[in-house]
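Data first, discussion second: the structure below is written as structure tokens.
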Number of protein chains: 2
Amino acid sequence: MIAPTPEPPYTAVIFTSLRTEGDDGYAEAAERMEALAAEQPGYLGIEAARDGLGITVSYWVDDNAAAAWKQVAEHLVAQRRGRDAWYADYQVRVATVTRSYGPDGPR
Amino acid sequence: MIAPTPEPPYTAVIFTSLRTEGDDGYAEAAERMEALAAEQPGYLGIEAARDGLGITVSYWVDDNAAAAWKQVAEHLVAQRRGRDAWYADYQVRVATVTRSYGPDGPR
């Protein structure tokens with residue numbers, strides 16, 4: 001689903017990753033992290049796709065909300081597991097969305 | 001492949017889409033647009049994944065480079081085809097990347 005984000009500005013966290021072989025608890029944890037993110041203050045939505053390369057973009061009211069989610073205890077545990085087991089490589093990019101438009105124009 | 005972007009700041013264009021049924025020339029055009037984007041001034045890289053939802057993130061040295069790519073004639077034709085045929089829905093978000101890090105720290 002395309003996230004129903006408000007008018008800019010807001011914060012996007014672009015998480016790009018390459019998986020290691022095997023599941024190793026990944027699928028369950030990924031689902032749990034999406035649900036947990038949705039409970040955090042300042043959460044606006046999430047979009048995710050994977051076909052080899054995985055891209056997850058989470059949207060937040062501002063950088064502080066995104067930074068707070070990074071520090072949530074259960075998320076910190078998952079981040080360590082990601083570095084140690086799930087991801088062969090990854091990159092996180094924190095960005096400020098300044099313009100947005102769809103088929104019906106700006107939104 | 002994870003795009004080899006430089007240290008921030010730079011511009012990310014997050015293109016999220018839902019396809020219509022059937023190919024209708026889409027796959028060939030998508031490949032061509034990725035190749036054409038890579039020839040543009042200020043291009044830094046591109047990342048794409050689709051499983052139902054499609055997410056393509058292109059990276060540019062600045063907003064002007066991203067805006068110039070939007071206006072390239074062959075790209076304008078593809079954008080119209082996208083609105084008319086390929087996409088059931090889409091959203092484009094232009095964002096300024098302010099921080100970036102991977103497994104080995106900031107980059």
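Ligands are numbered from 1 in the order shown, residues from 1 within each chain, and chains are lettered A, B, ... in the order they appear in the structure tokens.
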
Considering only C-alpha atoms, give me a table of residues in chain B that are at most 6 Å from range 92-103 of chain A, with the closest atom pair and distance in Å for each, as CSV.
residue,atom,partner,partner_atom,distance
B:Tyr90,CA,A:Gly102,CA,5.6
B:Gln91,CA,A:Gly102,CA,4.4
B:Val92,CA,A:Tyr101,CA,5.3
B:Arg93,CA,A:Ser100,CA,4.3
B:Val94,CA,A:Arg99,CA,5.2
B:Ala95,CA,A:Val97,CA,3.9
B:Thr96,CA,A:Ala95,CA,5.0
B:Val97,CA,A:Ala95,CA,3.9
B:Thr98,CA,A:Ala95,CA,5.5
B:Arg99,CA,A:Val94,CA,5.2
B:Ser100,CA,A:Arg93,CA,4.3
B:Tyr101,CA,A:Val92,CA,5.3

Counting only C-alpha atoms, what is within 8 Å of range 45-52 of chain B, bar same-chain residues fewer than 6 positions away, as a list in words? Ala49, Arg50, Asp51, Gly52, Leu53, Gly54 and Ile55 of chain A; Met1, Ile2, Ala3, Pro4, Thr5, Leu18, Arg19, Glu34, Ala38, Ser58, Tyr59 and Trp60 of chain B

Those residues with N, CA, C and O atoms, as a PDB file, in the first residue's frame please?
ATOM      1  N   ALA A  49       9.256  -3.273  -0.198  1.00  0.00           N
ATOM      2  CA  ALA A  49       9.278  -4.198  -1.329  1.00  0.00           C
ATOM      3  C   ALA A  49      10.635  -4.895  -1.331  1.00  0.00           C
ATOM      4  O   ALA A  49      11.634  -4.325  -0.890  1.00  0.00           O
ATOM      5  N   ARG A  50      10.647  -6.142  -1.778  1.00  0.00           N
ATOM      6  CA  ARG A  50      11.921  -6.843  -1.921  1.00  0.00           C
ATOM      7  C   ARG A  50      11.857  -7.755  -3.123  1.00  0.00           C
ATOM      8  O   ARG A  50      10.902  -8.511  -3.279  1.00  0.00           O
ATOM      9  N   ASP A  51      12.832  -7.673  -4.026  1.00  0.00           N
ATOM     10  CA  ASP A  51      13.092  -8.732  -5.002  1.00  0.00           C
ATOM     11  C   ASP A  51      14.604  -8.770  -5.201  1.00  0.00           C
ATOM     12  O   ASP A  51      15.157  -8.168  -6.111  1.00  0.00           O
ATOM     13  N   GLY A  52      15.272  -9.484  -4.300  1.00  0.00           N
ATOM     14  CA  GLY A  52      16.728  -9.416  -4.207  1.00  0.00           C
ATOM     15  C   GLY A  52      17.052  -8.248  -3.310  1.00  0.00           C
ATOM     16  O   GLY A  52      17.142  -8.393  -2.089  1.00  0.00           O
ATOM     17  N   LEU A  53      17.182  -7.068  -3.866  1.00  0.00           N
ATOM     18  CA  LEU A  53      17.322  -5.856  -3.062  1.00  0.00           C
ATOM     19  C   LEU A  53      16.022  -5.593  -2.302  1.00  0.00           C
ATOM     20  O   LEU A  53      14.925  -5.723  -2.854  1.00  0.00           O
ATOM     21  N   GLY A  54      16.132  -5.239  -1.047  1.00  0.00           N
ATOM     22  CA  GLY A  54      14.967  -4.837  -0.252  1.00  0.00           C
ATOM     23  C   GLY A  54      15.000  -3.344  -0.005  1.00  0.00           C
ATOM     24  O   GLY A  54      16.065  -2.769   0.252  1.00  0.00           O
ATOM     25  N   ILE A  55      13.847  -2.699  -0.141  1.00  0.00           N
ATOM     26  CA  ILE A  55      13.732  -1.274   0.164  1.00  0.00           C
ATOM     27  C   ILE A  55      12.543  -1.100   1.102  1.00  0.00           C
ATOM     28  O   ILE A  55      11.421  -1.511   0.770  1.00  0.00           O
TER      29      ILE A  55
ATOM     30  N   MET B   1      21.443  -3.764  -6.355  1.00  0.00           N
ATOM     31  CA  MET B   1      22.674  -3.221  -5.775  1.00  0.00           C
ATOM     32  C   MET B   1      22.356  -1.971  -4.959  1.00  0.00           C
ATOM     33  O   MET B   1      21.503  -1.167  -5.338  1.00  0.00           O
ATOM     34  N   ILE B   2      23.014  -1.829  -3.848  1.00  0.00           N
ATOM     35  CA  ILE B   2      22.866  -0.630  -3.039  1.00  0.00           C
ATOM     36  C   ILE B   2      23.662   0.489  -3.702  1.00  0.00           C
ATOM     37  O   ILE B   2      24.837   0.313  -4.025  1.00  0.00           O
ATOM     38  N   ALA B   3      23.014   1.624  -3.932  1.00  0.00           N
ATOM     39  CA  ALA B   3      23.656   2.706  -4.680  1.00  0.00           C
ATOM     40  C   ALA B   3      24.836   3.284  -3.899  1.00  0.00           C
ATOM     41  O   ALA B   3      24.727   3.521  -2.692  1.00  0.00           O
ATOM     42  N   PRO B   4      25.954   3.508  -4.594  1.00  0.00           N
ATOM     43  CA  PRO B   4      27.165   4.008  -3.932  1.00  0.00           C
ATOM     44  C   PRO B   4      27.130   5.528  -3.794  1.00  0.00           C
ATOM     45  O   PRO B   4      27.924   6.238  -4.402  1.00  0.00           O
ATOM     46  N   THR B   5      26.193   6.014  -3.007  1.00  0.00           N
ATOM     47  CA  THR B   5      26.006   7.455  -2.859  1.00  0.00           C
ATOM     48  C   THR B   5      27.111   8.071  -2.008  1.00  0.00           C
ATOM     49  O   THR B   5      27.698   7.406  -1.160  1.00  0.00           O
ATOM     50  N   LEU B  18       1.822   1.250  -7.740  1.00  0.00           N
ATOM     51  CA  LEU B  18       1.051   0.015  -7.893  1.00  0.00           C
ATOM     52  C   LEU B  18       0.755  -0.146  -9.369  1.00  0.00           C
ATOM     53  O   LEU B  18       0.204   0.772  -9.999  1.00  0.00           O
ATOM     54  N   ARG B  19       1.118  -1.294  -9.947  1.00  0.00           N
ATOM     55  CA  ARG B  19       0.930  -1.554 -11.364  1.00  0.00           C
ATOM     56  C   ARG B  19      -0.503  -1.934 -11.685  1.00  0.00           C
ATOM     57  O   ARG B  19      -1.230  -2.455 -10.842  1.00  0.00           O
ATOM     58  N   GLU B  34      15.786   3.458 -16.596  1.00  0.00           N
ATOM     59  CA  GLU B  34      16.927   3.339 -15.666  1.00  0.00           C
ATOM     60  C   GLU B  34      18.239   3.655 -16.372  1.00  0.00           C
ATOM     61  O   GLU B  34      19.105   4.331 -15.821  1.00  0.00           O
ATOM     62  N   ALA B  38      20.680   7.115 -15.828  1.00  0.00           N
ATOM     63  CA  ALA B  38      22.106   6.990 -15.493  1.00  0.00           C
ATOM     64  C   ALA B  38      22.995   7.868 -16.366  1.00  0.00           C
ATOM     65  O   ALA B  38      24.152   8.127 -16.024  1.00  0.00           O
ATOM     66  N   SER B  58      15.732   7.062  -6.820  1.00  0.00           N
ATOM     67  CA  SER B  58      16.877   7.559  -7.592  1.00  0.00           C
ATOM     68  C   SER B  58      17.539   8.669  -6.786  1.00  0.00           C
ATOM     69  O   SER B  58      16.879   9.419  -6.064  1.00  0.00           O
ATOM     70  N   TYR B  59      18.866   8.747  -6.931  1.00  0.00           N
ATOM     71  CA  TYR B  59      19.665   9.692  -6.144  1.00  0.00           C
ATOM     72  C   TYR B  59      20.363  10.668  -7.072  1.00  0.00           C
ATOM     73  O   TYR B  59      20.884  10.275  -8.121  1.00  0.00           O
ATOM     74  N   TRP B  60      20.370  11.934  -6.664  1.00  0.00           N
ATOM     75  CA  TRP B  60      20.856  13.035  -7.487  1.00  0.00           C
ATOM     76  C   TRP B  60      21.686  13.992  -6.664  1.00  0.00           C
ATOM     77  O   TRP B  60      21.460  14.117  -5.457  1.00  0.00           O
TER      78      TRP B  60
END

So, with only C-alpha atoms as the atoms that count, which of B:Thr20, B:His75, B:Val13, B:Arg83 lies closest to Arg32 in chain B?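 Using only C-alpha atoms, the shortest distance to Arg32 in chain B belongs to B:His75.
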
Record the distance separating CA of Gly42 in chain A and CA of Asp62 in chain A, expressed in Å with one decimal. 7.3 Å

Quote the spacing between CA of Thr16 in chain B and CA of Thr56 in chain B in Å to one decimal place. 6.5 Å

So which one's closest to chain A, B:Leu44, B:Met33, B:Val57, B:Ala73? Using only C-alpha atoms, please.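 Smallest distance to chain A is found for B:Val57.
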
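Near Trp86 in chain A, within a cut-off of 8 Å and counting only C-alpha atoms, sit the residues Arg19, Thr20, Asp23, Asp24, Tyr26, Arg81, Gly82, Arg83, Asp84 and Ala88 of chain A, with same-chain residues fewer than 2 positions away left out.
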
Option closest in space to chain A, from B:Pro6, B:Gln71, B:Asp89, B:Gln40 [counting only C-alpha atoms]: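 The answer is B:Asp89, which sits nearest to chain A.
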
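Distances to chain B were evaluated for A:Glu39, A:Glu21, A:Glu7, A:Glu74 using only C-alpha atoms, and the minimum falls at A:Glu7.
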
Between CA of Ala27 in chain A and CA of Ile14 in chain A, measure the distance and give it in Å to one decimal. 18.9 Å

When DSSP works through the backbone of this structure, what residues of chain A end up as helix (DSSP H, G or I), shown as a ChimeraX atom specification? /A:26-38,63-70,73-86

Residues of range 27-87 of chain A classed as strand (DSSP E) by DSSP on the backbone are to be reported as a list in words.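 Answer for range 27-87 of chain A restricted to strand (DSSP E) is Tyr43, Leu44, Gly45, Ile46, Glu47, Ala48, Ala49, Arg50, Asp51, Leu53, Gly54, Ile55, Thr56, Val57, Ser58, Tyr59, Trp60 and Tyr87 of chain A.
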
Residue subset to file, keeping C-alpha atoms, as a PDB file, in the first residue's frame:
ATOM      1  CA  TYR A  43       4.661   7.452  12.729  1.00  0.00           C
ATOM      2  CA  LEU A  44       3.055   8.294   9.376  1.00  0.00           C
ATOM      3  CA  GLY A  45       3.329   5.069   7.378  1.00  0.00           C
ATOM      4  CA  ILE A  46       5.633   2.492   5.834  1.00  0.00           C
ATOM      5  CA  GLU A  47       6.254   1.096   2.344  1.00  0.00           C
ATOM      6  CA  ALA A  48       8.290  -2.038   1.653  1.00  0.00           C
ATOM      7  CA  ALA A  49       9.278  -4.198  -1.329  1.00  0.00           C
ATOM      8  CA  ARG A  50      11.921  -6.843  -1.921  1.00  0.00           C
ATOM      9  CA  ASP A  51      13.092  -8.732  -5.002  1.00  0.00           C
ATOM     10  CA  LEU A  53      17.322  -5.856  -3.062  1.00  0.00           C
ATOM     11  CA  GLY A  54      14.967  -4.837  -0.252  1.00  0.00           C
ATOM     12  CA  ILE A  55      13.732  -1.274   0.164  1.00  0.00           C
ATOM     13  CA  THR A  56      11.710  -0.162   3.183  1.00  0.00           C
ATOM     14  CA  VAL A  57      10.747   3.474   3.541  1.00  0.00           C
ATOM     15  CA  SER A  58       9.221   4.599   6.834  1.00  0.00           C
ATOM     16  CA  TYR A  59       7.696   8.044   7.195  1.00  0.00           C
ATOM     17  CA  TRP A  60       7.733  10.185  10.346  1.00  0.00           C
ATOM     18  CA  TYR A  87      21.908  -8.515   6.169  1.00  0.00           C
TER      19      TYR A  87
END
